[in-house]
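Structure file data.txt; described as compact mmCIF, C-alpha atoms.
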# COMPACT_ATOMS: atom_id res chain seq x y z
CA MET S 78 -53.70 21.37 -30.96
CA PHE S 79 -51.56 23.95 -32.76
CA ARG S 80 -52.72 26.77 -30.48
CA GLY S 81 -52.03 24.73 -27.35
CA ALA S 82 -48.56 23.76 -28.55
CA LEU S 83 -47.76 27.37 -29.44
CA VAL S 84 -48.89 28.61 -26.01
CA LEU S 85 -46.76 25.95 -24.30
CA ILE S 86 -43.70 26.92 -26.33
CA LEU S 87 -44.15 30.63 -25.60
CA LEU S 88 -44.73 29.97 -21.89
CA THR S 89 -41.52 27.95 -21.78
CA VAL S 90 -39.55 30.68 -23.54
CA ASN S 91 -41.00 33.28 -21.16
CA LEU S 92 -40.04 31.11 -18.17
CA VAL S 93 -36.47 30.72 -19.37
CA LEU S 94 -36.24 34.43 -20.22
CA TRP S 95 -37.12 35.55 -16.68
CA GLY S 96 -36.62 32.45 -14.52
CA VAL S 97 -32.91 32.05 -15.18
CA PRO S 98 -32.10 35.68 -14.22
CA VAL S 99 -34.17 35.29 -11.03
CA PHE S 100 -32.08 32.29 -10.05
CA LEU S 101 -28.80 34.06 -10.85
CA VAL S 102 -29.82 37.09 -8.78
CA ALA S 103 -30.61 34.77 -5.87
CA LEU S 104 -27.18 33.11 -6.09
CA PHE S 105 -25.56 36.55 -6.06
CA LYS S 106 -27.67 37.51 -3.05
CA ARG S 107 -26.33 34.50 -1.14
CA LEU S 108 -22.86 36.01 -1.31
CA LEU S 109 -23.92 39.33 0.20
CA PRO S 110 -24.08 40.25 3.88
CA ALA S 111 -27.41 41.29 5.32
CA GLY S 112 -28.23 44.91 4.63
CA ASN S 113 -29.79 47.36 2.22
CA PHE S 114 -27.97 46.02 -0.84
CA ARG S 115 -29.24 42.53 -0.15
CA HIS S 116 -32.79 43.91 0.09
CA ARG S 117 -32.25 45.58 -3.29
CA THR S 118 -31.32 42.24 -4.86
CA THR S 119 -34.53 40.76 -3.46
CA ARG S 120 -36.47 43.60 -5.08
CA ALA S 121 -34.63 42.93 -8.34
CA ALA S 122 -35.61 39.24 -8.25
CA VAL S 123 -39.25 40.13 -7.57
CA ASN S 124 -39.24 42.67 -10.41
CA LEU S 125 -38.04 39.95 -12.80
CA ALA S 126 -40.73 37.57 -11.54
CA GLU S 127 -43.41 40.21 -12.10
CA ARG S 128 -42.19 40.60 -15.68
CA TRP S 129 -42.58 36.83 -16.08
CA ALA S 130 -46.20 37.04 -14.88
CA ALA S 131 -46.91 39.98 -17.19
CA GLY S 132 -45.40 38.04 -20.11
CA ASN S 133 -47.71 35.11 -19.41
CA ASP S 134 -50.71 37.42 -19.50
CA ARG S 135 -49.62 38.86 -22.85
CA ILE S 136 -49.34 35.34 -24.28
CA PHE S 137 -52.78 34.35 -23.01
CA ASP S 138 -54.41 37.58 -24.17
CA SER S 139 -52.88 37.29 -27.65
CA LEU S 140 -53.82 33.67 -28.29
CA LEU S 141 -56.80 32.76 -26.12
CA PRO S 142 -60.42 33.96 -26.25
CA THR S 143 -60.92 33.64 -22.47
CA GLU S 144 -62.71 36.53 -20.75
CA TYR S 145 -61.86 37.43 -17.15
CA GLU S 146 -64.31 38.89 -14.67
CA ILE S 147 -62.38 40.12 -11.61
CA SER S 148 -63.93 41.99 -8.69
CA GLY S 149 -63.41 42.88 -5.04
CA LEU S 150 -59.77 44.02 -5.02
CA GLU S 151 -60.44 47.59 -3.90
CA GLY S 152 -58.26 48.90 -1.09
CA LEU S 153 -55.15 46.84 -1.83
CA ARG S 154 -51.75 48.52 -1.99
CA TYR S 155 -48.48 47.18 -3.34
CA GLU S 156 -46.51 47.78 -0.14
CA GLY S 157 -49.01 45.90 2.01
CA ARG S 158 -48.92 42.44 3.58
CA TYR S 159 -51.88 40.23 2.72
CA LEU S 160 -53.06 36.70 3.25
CA ILE S 161 -55.05 35.32 0.32
CA ILE S 162 -57.15 32.18 0.66
CA SER S 163 -58.83 30.52 -2.30
CA ASN S 164 -60.56 27.42 -3.55
CA HIS S 165 -58.45 25.29 -5.90
CA LEU S 166 -59.63 23.64 -9.11
CA SER S 167 -56.72 23.57 -11.55
CA TRP S 168 -53.16 24.62 -12.31
CA VAL S 169 -54.86 27.44 -14.21
CA ASP S 170 -55.73 28.97 -10.82
CA ILE S 171 -52.10 30.04 -10.32
CA PHE S 172 -51.98 32.05 -13.54
CA VAL S 173 -55.43 33.51 -12.83
CA LEU S 174 -54.46 34.72 -9.35
CA PHE S 175 -51.22 36.28 -10.60
CA ARG S 176 -53.32 38.15 -13.17
CA ALA S 177 -55.93 39.26 -10.65
CA PHE S 178 -53.51 40.65 -8.06
CA LYS S 179 -50.90 42.06 -10.48
CA GLY S 180 -50.39 45.74 -9.72
CA HIS S 181 -52.68 45.57 -6.69
CA ALA S 182 -50.41 43.71 -4.26
CA ALA S 183 -46.85 42.44 -3.99
CA PHE S 184 -45.80 39.35 -5.92
CA ILE S 185 -47.71 36.32 -4.65
CA ARG S 186 -45.91 33.57 -2.76
CA PHE S 187 -47.56 30.25 -2.02
CA PHE S 188 -46.74 26.91 -0.48
CA LEU S 189 -45.31 24.22 -2.77
CA LYS S 190 -44.63 20.52 -2.45
CA GLN S 191 -40.96 19.81 -1.78
CA GLU S 192 -40.66 17.73 -4.97
CA LEU S 193 -41.41 20.78 -7.13
CA ILE S 194 -38.09 22.39 -6.19
CA TRP S 195 -36.51 20.08 -8.79
CA MET S 196 -38.76 21.30 -11.61
CA PRO S 197 -36.34 22.82 -14.16
CA ILE S 198 -36.02 26.61 -13.83
CA ALA S 199 -39.46 27.09 -12.23
CA GLY S 200 -38.60 25.21 -9.04
CA GLN S 201 -35.28 26.99 -8.59
CA ALA S 202 -36.85 30.38 -9.33
CA CYS S 203 -39.51 29.77 -6.67
CA TRP S 204 -36.78 28.83 -4.21
CA ALA S 205 -34.94 32.04 -5.10
CA LEU S 206 -38.08 34.09 -4.47
CA GLY S 207 -38.57 32.62 -1.01
CA PHE S 208 -41.52 30.30 -1.66
CA PRO S 209 -41.95 27.85 1.23
CA PHE S 210 -41.49 24.21 0.16
CA MET S 211 -43.48 21.70 2.20
CA ARG S 212 -42.55 18.04 2.59
CA ARG S 213 -45.60 15.77 2.88
CA TYR S 214 -45.29 12.58 4.93
CA SER S 215 -47.63 9.60 4.74
CA PRO S 216 -49.38 8.39 7.93
CA GLU S 217 -47.30 5.21 7.72
CA TYR S 218 -44.05 7.19 7.57
CA LEU S 219 -45.06 9.39 10.49
CA ALA S 220 -45.91 6.31 12.54
CA LYS S 221 -42.30 5.17 12.11
CA HIS S 222 -40.79 8.67 12.38
CA PRO S 223 -42.92 10.70 14.83
CA GLU S 224 -40.14 13.30 15.05
CA LYS S 225 -41.19 14.49 11.57
CA ARG S 226 -44.64 15.58 12.75
CA GLY S 227 -45.16 19.33 12.50
CA LYS S 228 -42.28 19.93 10.07
CA ASP S 229 -44.60 21.61 7.53
CA LEU S 230 -45.89 23.97 10.17
CA GLU S 231 -42.34 24.79 11.22
CA THR S 232 -41.54 25.61 7.58
CA THR S 233 -44.54 27.95 7.58
CA ARG S 234 -43.28 29.66 10.74
CA ILE S 235 -39.81 30.23 9.25
CA ALA S 236 -41.22 31.65 6.02
CA CYS S 237 -43.53 34.02 7.88
CA LYS S 238 -40.62 35.40 9.91
CA ARG S 239 -38.93 36.31 6.63
CA TYR S 240 -42.10 37.91 5.28
CA ARG S 241 -42.28 40.33 8.22
CA HIS S 242 -39.67 42.53 6.54
CA ILE S 243 -41.00 42.74 2.98
CA PRO S 244 -44.31 43.51 1.27
CA VAL S 245 -45.94 40.20 0.44
CA ALA S 246 -49.13 38.47 -0.62
CA ILE S 247 -49.24 34.95 0.81
CA LEU S 248 -51.55 32.56 -1.00
CA ASN S 249 -53.00 29.52 0.72
CA PHE S 250 -55.21 26.98 -1.01
CA VAL S 251 -57.04 26.00 2.15
CA GLU S 252 -58.37 22.73 0.70
CA GLY S 253 -54.75 21.57 0.43
CA THR S 254 -55.23 20.01 -3.00
CA ARG S 255 -57.10 20.51 -6.26
CA PHE S 256 -60.80 19.71 -6.33
CA THR S 257 -61.83 16.49 -8.05
CA ALA S 258 -65.08 14.59 -7.91
CA GLU S 259 -63.24 11.59 -6.47
CA LYS S 260 -61.70 13.60 -3.62
CA HIS S 261 -65.05 15.25 -2.97
CA ALA S 262 -66.71 11.84 -2.61
CA ASP S 263 -63.87 10.31 -0.57
CA GLN S 264 -64.03 13.18 1.93
CA GLU S 265 -67.81 13.08 2.10
CA SER S 266 -67.50 16.84 1.86
CA PRO S 267 -70.46 18.76 3.29
CA TYR S 268 -70.00 21.42 0.58
CA ARG S 269 -71.39 21.21 -2.93
CA HIS S 270 -68.43 22.70 -4.80
CA LEU S 271 -65.57 22.51 -2.28
CA LEU S 272 -63.36 20.09 -0.38
CA ARG S 273 -63.04 20.26 3.38
CA PRO S 274 -60.74 23.12 4.48
CA ARG S 275 -57.43 22.36 6.20
CA ILE S 276 -56.59 24.98 8.78
CA GLY S 277 -53.02 24.11 9.80
CA GLY S 278 -51.16 26.28 7.29
CA ILE S 279 -53.42 29.31 7.47
CA GLY S 280 -53.41 29.04 11.26
CA PHE S 281 -49.63 29.34 11.39
CA VAL S 282 -49.64 32.29 8.99
CA LEU S 283 -52.11 34.14 11.21
CA ALA S 284 -50.24 33.22 14.40
CA SER S 285 -46.86 34.21 12.93
CA LEU S 286 -47.76 37.46 11.17
CA GLY S 287 -50.82 38.35 13.21
CA GLU S 288 -51.60 42.03 13.28
CA GLN S 289 -48.77 42.77 10.84
CA LEU S 290 -51.16 41.65 8.11
CA ASP S 291 -53.01 44.51 6.48
CA ALA S 292 -55.90 42.27 5.49
CA MET S 293 -57.03 38.82 4.48
CA PHE S 294 -58.79 38.35 1.15
CA ASP S 295 -61.07 35.39 0.51
CA VAL S 296 -60.99 34.58 -3.23
CA THR S 297 -63.49 32.43 -5.09
CA ILE S 298 -62.52 31.16 -8.56
CA ALA S 299 -65.17 29.81 -10.93
CA TYR S 300 -65.06 28.48 -14.48
CA PRO S 301 -68.69 28.72 -15.66
CA GLY S 302 -69.43 26.86 -18.85
CA GLY S 303 -65.97 25.34 -19.30
CA ASP S 304 -63.55 22.70 -18.06
CA VAL S 305 -60.61 23.61 -15.88
CA GLU S 306 -57.81 21.40 -17.16
CA MET S 307 -54.68 23.29 -18.24
CA TRP S 308 -54.85 21.83 -21.76
CA ASP S 309 -58.44 22.99 -22.17
CA TYR S 310 -57.35 26.48 -21.13
CA ILE S 311 -54.37 26.84 -23.45
CA THR S 312 -56.31 25.43 -26.41
CA GLY S 313 -58.98 28.11 -25.98
CA ARG S 314 -61.79 25.97 -24.60
CA VAL S 315 -62.36 27.93 -21.36
CA PRO S 316 -64.58 30.84 -22.42
CA LYS S 317 -64.77 32.67 -19.09
CA ILE S 318 -63.07 32.78 -15.70
CA VAL S 319 -64.59 34.57 -12.72
CA VAL S 320 -62.51 35.78 -9.77
CA HIS S 321 -64.51 37.17 -6.85
CA ALA S 322 -62.49 38.56 -3.93
CA ARG S 323 -63.73 39.93 -0.65
CA ARG S 324 -61.97 41.36 2.37
CA ALA S 325 -62.46 39.04 5.36
CA GLU S 326 -62.16 40.58 8.81
CA VAL S 327 -60.18 38.14 10.95
CA PRO S 328 -61.13 38.16 14.66
CA SER S 329 -58.09 39.24 16.66
CA GLU S 330 -58.20 36.14 18.86
CA PHE S 331 -56.99 34.14 15.83
CA PHE S 332 -53.66 35.96 15.87
CA ASP S 333 -52.84 34.03 19.05
CA PRO S 334 -50.39 31.08 18.83
CA ALA S 335 -53.11 29.05 20.56
CA ILE S 336 -54.72 28.74 17.12
CA THR S 337 -52.05 26.19 16.20
CA GLU S 338 -52.76 23.82 19.09
CA PRO S 339 -55.84 21.77 20.01
CA GLY S 340 -58.13 23.79 22.24
CA PRO S 341 -61.05 26.23 22.31
CA VAL S 342 -59.36 28.91 20.15
CA ARG S 343 -58.59 26.39 17.42
CA ASP S 344 -62.13 25.00 17.67
CA ARG S 345 -63.60 28.49 17.18
CA PHE S 346 -61.25 29.02 14.24
CA LYS S 347 -62.58 25.84 12.60
CA VAL S 348 -66.12 27.16 13.00
CA TRP S 349 -65.13 30.52 11.52
CA ILE S 350 -63.44 28.92 8.49
CA ASP S 351 -66.47 26.68 8.01
CA SER S 352 -68.69 29.76 7.87
CA LEU S 353 -66.46 31.27 5.15
CA TRP S 354 -66.56 28.01 3.23
CA ARG S 355 -70.35 27.78 3.38
CA GLU S 356 -70.63 31.35 2.06
CA LYS S 357 -68.13 30.49 -0.69
CA ASP S 358 -70.14 27.39 -1.59
CA ALA S 359 -73.30 29.48 -1.91
CA LEU S 360 -71.44 32.04 -4.05
CA LEU S 361 -70.21 29.27 -6.36
CA ASP S 362 -73.84 28.18 -6.79
CA GLU S 363 -74.51 31.67 -8.12
CA LEU S 364 -71.36 31.99 -10.22
CA LEU S 365 -71.95 28.63 -11.87
CA ARG S 366 -75.55 29.39 -12.72
CA GLU S 367 -74.82 28.61 -16.38
CA LEU S 368 -74.82 24.93 -15.43
CA PRO S 369 -78.12 23.07 -15.07
CA ALA S 370 -79.66 23.86 -11.71
CA ASP S 371 -79.57 20.24 -10.56
CA GLU S 372 -75.97 19.57 -11.62
CA SER S 373 -72.91 20.63 -9.64
CA PRO S 374 -69.40 20.76 -11.15
CA ALA S 375 -68.56 17.62 -9.17
CA GLU S 376 -71.59 15.82 -10.60
CA ARG S 377 -70.79 17.03 -14.12
CA ARG S 378 -67.21 15.76 -13.92
CA ILE S 379 -68.49 12.37 -12.75
CA ALA S 380 -70.87 12.26 -15.72
CA GLN S 381 -68.03 13.13 -18.09
CA GLY S 382 -66.09 10.16 -16.74
As structure tokens, how would this structure be written, given the file I've shared?
Amino acid sequence: MFRGALVLILLTVNLVLWGVPVFLVALFKRLLPAGNFRHRTTRAAVNLAERWAAGNDRIFDSLLPTEYEISGLEGLRYEGRYLIISNHLSWVDIFVLFRAFKGHAAFIRFFLKQELIWMPIAGQACWALGFPFMRRYSPEYLAKHPEKRGKDLETTRIACKRYRHIPVAILNFVEGTRFTAEKHADQESPYRHLLRPRIGGIGFVLASLGEQLDAMFDVTIAYPGGDVEMWDYITGRVPKIVVHARRAEVPSEFFDPAITEPGPVRDRFKVWIDSLWREKDALLDELLRELPADESPAERRIAQG
């Protein structure tokens, strides 16, 4: 308990230390005309955010026994533009991915729920750094307000236009939500360790940035032998985290805007993503070999209640 509380306090201090300056730089940037000086303020905000990520790593390394096994990041360069896709198990994933790509690629941006913009300091800092905020509508709401359909995809398009002019690593959790045994069962997912992939967001990133991307990296995160709740992590009960990245060659036909509309290109894209997901599922079987052979993480979480 003491260790977890201490980590939380230090993470909060680190967030205030770097998050507030990021927000202030962004407010200053709003007053500037477009041009080189405005680009410099963007760089300054990103530099502050990278110091925040580095501070988190120092806190974790000083207080937690967790070991990290990271592979497959060869060939990345900081000035590049990358799309990163990953499975999603926990809030811990965010800190793990910042650690993995730190120094290899530009500061990661990812898609956030609109409600998170009101999270003190963190939400405003993410807004300042140009994170896209997505508003989710229920099926019932969309039935009454059909004009709201496609708003998330339009947000993606706008963000990608901005990313054309800066080095960036765009992270997309293709499952759209964190893995739980309940969601896995509700979806009747055909994968052992994964939820069904959602292709709307990644499709718009590929259609908007297309060949301006230097590469796409498919990342698989595994927590062999430990739980993946944030509290378990900060109290030192996650002994090991594995991050396996691989460069995925995207067929050029998927850079076409047709990927975002129903039709044969989108259908082939679904098949291609499914093939990646089946390979990821098989890899997770291997990475989680410390579990009993007949027990998947989903089955273990059900057993734990």
*Between S:Pro98, S:Arg176, S:Glu330, S:Phe208, which is the closest to Gln191 of chain S once you count all atoms listed in the file?*
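The closest residue to Gln191 of chain S is S:Phe208.
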*Name the closest residue to His181 of chain S among the candidates S:His270, S:Arg154, S:His165, S:Arg314; distances are taken between atoms, counting only C-alpha atoms.*
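Selected residue with least distance to His181 of chain S: S:Arg154.
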*Closest of S:Arg186, S:Arg158, S:Lys106, S:Arg273 to Lys347 of chain S - atom-to-atom distances counting all atoms listed in the file*: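 Checking each of S:Arg186, S:Arg158, S:Lys106, S:Arg273 against Lys347 of chain S, counting all atoms listed in the file, the winner is S:Arg273.
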*Between S:Phe137, S:Leu290, S:Ile279, S:Val99, which has the minimum distance to Phe187 of chain S (counting all atoms listed in the file)?*
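Between S:Phe137, S:Leu290, S:Ile279, S:Val99, the residue approaching Phe187 of chain S most closely is S:Ile279.
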_Just checking: using all atoms listed in the file, which residue out of S:Glu146, S:Asp358, S:Asp138, S:Glu127 ends up closest to Lys317 of chain S?_
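Smallest distance to Lys317 of chain S is found for S:Glu146.
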Rows by chain and residue number, segment 269-359 of chain S within 9 Å of segment 237-256 of chain S, shortest pair, only C-alpha atoms, as a Markdown table:
| residue | atom | partner | partner_atom | distance |
| --- | --- | --- | --- | --- |
| S:His270 | CA | S:Phe256 | CA | 8.3 |
| S:Leu271 | CA | S:Phe256 | CA | 6.9 |
| S:Leu272 | CA | S:Glu252 | CA | 5.7 |
| S:Arg273 | CA | S:Glu252 | CA | 5.9 |
| S:Pro274 | CA | S:Glu252 | CA | 4.5 |
| S:Arg275 | CA | S:Val251 | CA | 5.5 |
| S:Ile276 | CA | S:Val251 | CA | 6.7 |
| S:Gly277 | CA | S:Val251 | CA | 8.8 |
| S:Gly278 | CA | S:Asn249 | CA | 7.6 |
| S:Ile279 | CA | S:Asn249 | CA | 6.8 |
| S:Phe281 | CA | S:Cys237 | CA | 8.5 |
| S:Val282 | CA | S:Cys237 | CA | 6.4 |
| S:Ser285 | CA | S:Cys237 | CA | 6.1 |
| S:Leu286 | CA | S:Cys237 | CA | 6.4 |
| S:Gln289 | CA | S:Arg241 | CA | 7.4 |
| S:Leu290 | CA | S:Arg241 | CA | 9.0 |
*Around the point (-73.0, 27.8, -10.3), in the coordinates given by the file, pick out the residues reaching within 6 Å, counting all atoms listed in the file, and return them as an NGL selection string.*
:S and (361-366)
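Nearest to Phe79 of chain S of all the residues S:Cys203, S:Leu140, S:Ile161, S:Ala299 is S:Leu140, based on only C-alpha atoms.
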Enclose all atoms of segment 278-292 of chain S listed in the file in an axis-aligned box, grow every side by 6 Å, and hand back centre and edge lengths in Å to one decimal, as lines of an AutoDock Vina configuration file.
center_x = -51.4
center_y = 35.4
center_z = 9.9
size_x = 21.0
size_y = 30.2
size_z = 20.9
*asked:* Between atom CA of Arg128 of chain S and atom CA of Asn91 of chain S, what distance in Å does the model show, to one decimal?
replied: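 Value for the atom CA of Arg128 of chain S-atom CA of Asn91 of chain S distance: 9.2 Å.
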Could you add N, CA and C atoms to segment 288-324 of chain S and give me the result as an mmCIF file, in the frame of the given file?
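This went into part.cif:
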data_model
loop_
_atom_site.group_PDB
_atom_site.id
_atom_site.type_symbol
_atom_site.label_atom_id
_atom_site.label_comp_id
_atom_site.auth_asym_id
_atom_site.auth_seq_id
_atom_site.Cartn_x
_atom_site.Cartn_y
_atom_site.Cartn_z
ATOM 1 N N GLU S 288 -51.119 40.691 13.589
ATOM 2 C CA GLU S 288 -51.600 42.030 13.280
ATOM 3 C C GLU S 288 -50.697 42.776 12.304
ATOM 4 N N GLN S 289 -49.584 42.163 11.880
ATOM 5 C CA GLN S 289 -48.770 42.770 10.840
ATOM 6 C C GLN S 289 -49.430 42.653 9.473
ATOM 7 N N LEU S 290 -50.405 41.750 9.362
ATOM 8 C CA LEU S 290 -51.160 41.650 8.110
ATOM 9 C C LEU S 290 -52.063 42.863 7.957
ATOM 10 N N ASP S 291 -52.096 43.408 6.748
ATOM 11 C CA ASP S 291 -53.010 44.510 6.480
ATOM 12 C C ASP S 291 -54.432 44.018 6.258
ATOM 13 N N ALA S 292 -54.563 42.806 5.732
ATOM 14 C CA ALA S 292 -55.900 42.270 5.490
ATOM 15 C C ALA S 292 -55.787 40.821 5.023
ATOM 16 N N MET S 293 -56.904 40.127 5.110
ATOM 17 C CA MET S 293 -57.030 38.820 4.480
ATOM 18 C C MET S 293 -58.105 38.907 3.412
ATOM 19 N N PHE S 294 -57.815 38.359 2.241
ATOM 20 C CA PHE S 294 -58.790 38.350 1.150
ATOM 21 C C PHE S 294 -59.195 36.907 0.848
ATOM 22 N N ASP S 295 -60.494 36.690 0.841
ATOM 23 C CA ASP S 295 -61.070 35.390 0.510
ATOM 24 C C ASP S 295 -61.454 35.422 -0.968
ATOM 25 N N VAL S 296 -60.800 34.583 -1.777
ATOM 26 C CA VAL S 296 -60.990 34.580 -3.230
ATOM 27 C C VAL S 296 -61.757 33.332 -3.652
ATOM 28 N N THR S 297 -62.735 33.533 -4.510
ATOM 29 C CA THR S 297 -63.490 32.430 -5.090
ATOM 30 C C THR S 297 -63.265 32.435 -6.597
ATOM 31 N N ILE S 298 -62.766 31.310 -7.119
ATOM 32 C CA ILE S 298 -62.520 31.160 -8.560
ATOM 33 C C ILE S 298 -63.579 30.233 -9.134
ATOM 34 N N ALA S 299 -64.152 30.631 -10.263
ATOM 35 C CA ALA S 299 -65.170 29.810 -10.930
ATOM 36 C C ALA S 299 -64.906 29.787 -12.421
ATOM 37 N N TYR S 300 -65.213 28.657 -13.031
ATOM 38 C CA TYR S 300 -65.060 28.480 -14.480
ATOM 39 C C TYR S 300 -66.421 28.102 -15.065
ATOM 40 N N PRO S 301 -67.347 29.053 -15.155
ATOM 41 C CA PRO S 301 -68.690 28.720 -15.660
ATOM 42 C C PRO S 301 -68.663 28.344 -17.138
ATOM 43 N N GLY S 302 -69.284 27.238 -17.453
ATOM 44 C CA GLY S 302 -69.430 26.860 -18.850
ATOM 45 C C GLY S 302 -68.206 26.247 -19.480
ATOM 46 N N GLY S 303 -67.167 25.915 -18.706
ATOM 47 C CA GLY S 303 -65.970 25.340 -19.300
ATOM 48 C C GLY S 303 -65.222 24.448 -18.339
ATOM 49 N N ASP S 304 -64.382 23.564 -18.885
ATOM 50 C CA ASP S 304 -63.550 22.700 -18.060
ATOM 51 C C ASP S 304 -62.393 23.508 -17.481
ATOM 52 N N VAL S 305 -61.676 22.888 -16.567
ATOM 53 C CA VAL S 305 -60.610 23.610 -15.880
ATOM 54 C C VAL S 305 -59.255 22.922 -15.995
ATOM 55 N N GLU S 306 -59.123 21.996 -16.928
ATOM 56 C CA GLU S 306 -57.810 21.400 -17.160
ATOM 57 C C GLU S 306 -56.921 22.405 -17.902
ATOM 58 N N MET S 307 -55.615 22.339 -17.628
ATOM 59 C CA MET S 307 -54.680 23.290 -18.240
ATOM 60 C C MET S 307 -54.725 23.195 -19.768
ATOM 61 N N TRP S 308 -54.837 21.985 -20.308
ATOM 62 C CA TRP S 308 -54.850 21.830 -21.760
ATOM 63 C C TRP S 308 -56.091 22.482 -22.366
ATOM 64 N N ASP S 309 -57.228 22.335 -21.684
ATOM 65 C CA ASP S 309 -58.440 22.990 -22.170
ATOM 66 C C ASP S 309 -58.250 24.507 -22.221
ATOM 67 N N TYR S 310 -57.561 25.034 -21.207
ATOM 68 C CA TYR S 310 -57.350 26.480 -21.130
ATOM 69 C C TYR S 310 -56.463 26.966 -22.271
ATOM 70 N N ILE S 311 -55.314 26.319 -22.474
ATOM 71 C CA ILE S 311 -54.370 26.840 -23.450
ATOM 72 C C ILE S 311 -54.776 26.517 -24.887
ATOM 73 N N THR S 312 -55.788 25.663 -25.059
ATOM 74 C CA THR S 312 -56.310 25.430 -26.410
ATOM 75 C C THR S 312 -57.568 26.257 -26.666
ATOM 76 N N GLY S 313 -57.893 27.165 -25.742
ATOM 77 C CA GLY S 313 -58.980 28.110 -25.980
ATOM 78 C C GLY S 313 -60.360 27.596 -25.695
ATOM 79 N N ARG S 314 -60.477 26.561 -24.855
ATOM 80 C CA ARG S 314 -61.790 25.970 -24.600
ATOM 81 C C ARG S 314 -62.361 26.355 -23.229
ATOM 82 N N VAL S 315 -61.795 27.379 -22.596
ATOM 83 C CA VAL S 315 -62.360 27.930 -21.360
ATOM 84 C C VAL S 315 -62.821 29.338 -21.678
ATOM 85 N N PRO S 316 -64.110 29.546 -21.920
ATOM 86 C CA PRO S 316 -64.580 30.840 -22.420
ATOM 87 C C PRO S 316 -64.528 31.960 -21.387
ATOM 88 N N LYS S 317 -64.666 31.611 -20.106
ATOM 89 C CA LYS S 317 -64.770 32.670 -19.090
ATOM 90 C C LYS S 317 -64.238 32.173 -17.757
ATOM 91 N N ILE S 318 -63.550 33.064 -17.059
ATOM 92 C CA ILE S 318 -63.070 32.780 -15.700
ATOM 93 C C ILE S 318 -63.507 33.919 -14.799
ATOM 94 N N VAL S 319 -64.113 33.570 -13.676
ATOM 95 C CA VAL S 319 -64.590 34.570 -12.720
ATOM 96 C C VAL S 319 -63.740 34.507 -11.459
ATOM 97 N N VAL S 320 -63.259 35.665 -11.019
ATOM 98 C CA VAL S 320 -62.510 35.780 -9.770
ATOM 99 C C VAL S 320 -63.249 36.786 -8.890
ATOM 100 N N HIS S 321 -63.782 36.302 -7.789
ATOM 101 C CA HIS S 321 -64.510 37.170 -6.850
ATOM 102 C C HIS S 321 -63.735 37.208 -5.537
ATOM 103 N N ALA S 322 -63.233 38.394 -5.172
ATOM 104 C CA ALA S 322 -62.490 38.560 -3.930
ATOM 105 C C ALA S 322 -63.299 39.386 -2.943
ATOM 106 N N ARG S 323 -63.109 39.112 -1.683
ATOM 107 C CA ARG S 323 -63.730 39.930 -0.650
ATOM 108 C C ARG S 323 -62.788 40.009 0.549
ATOM 109 N N ARG S 324 -62.794 41.152 1.175
ATOM 110 C CA ARG S 324 -61.970 41.360 2.370
ATOM 111 C C ARG S 324 -62.649 40.660 3.535
#
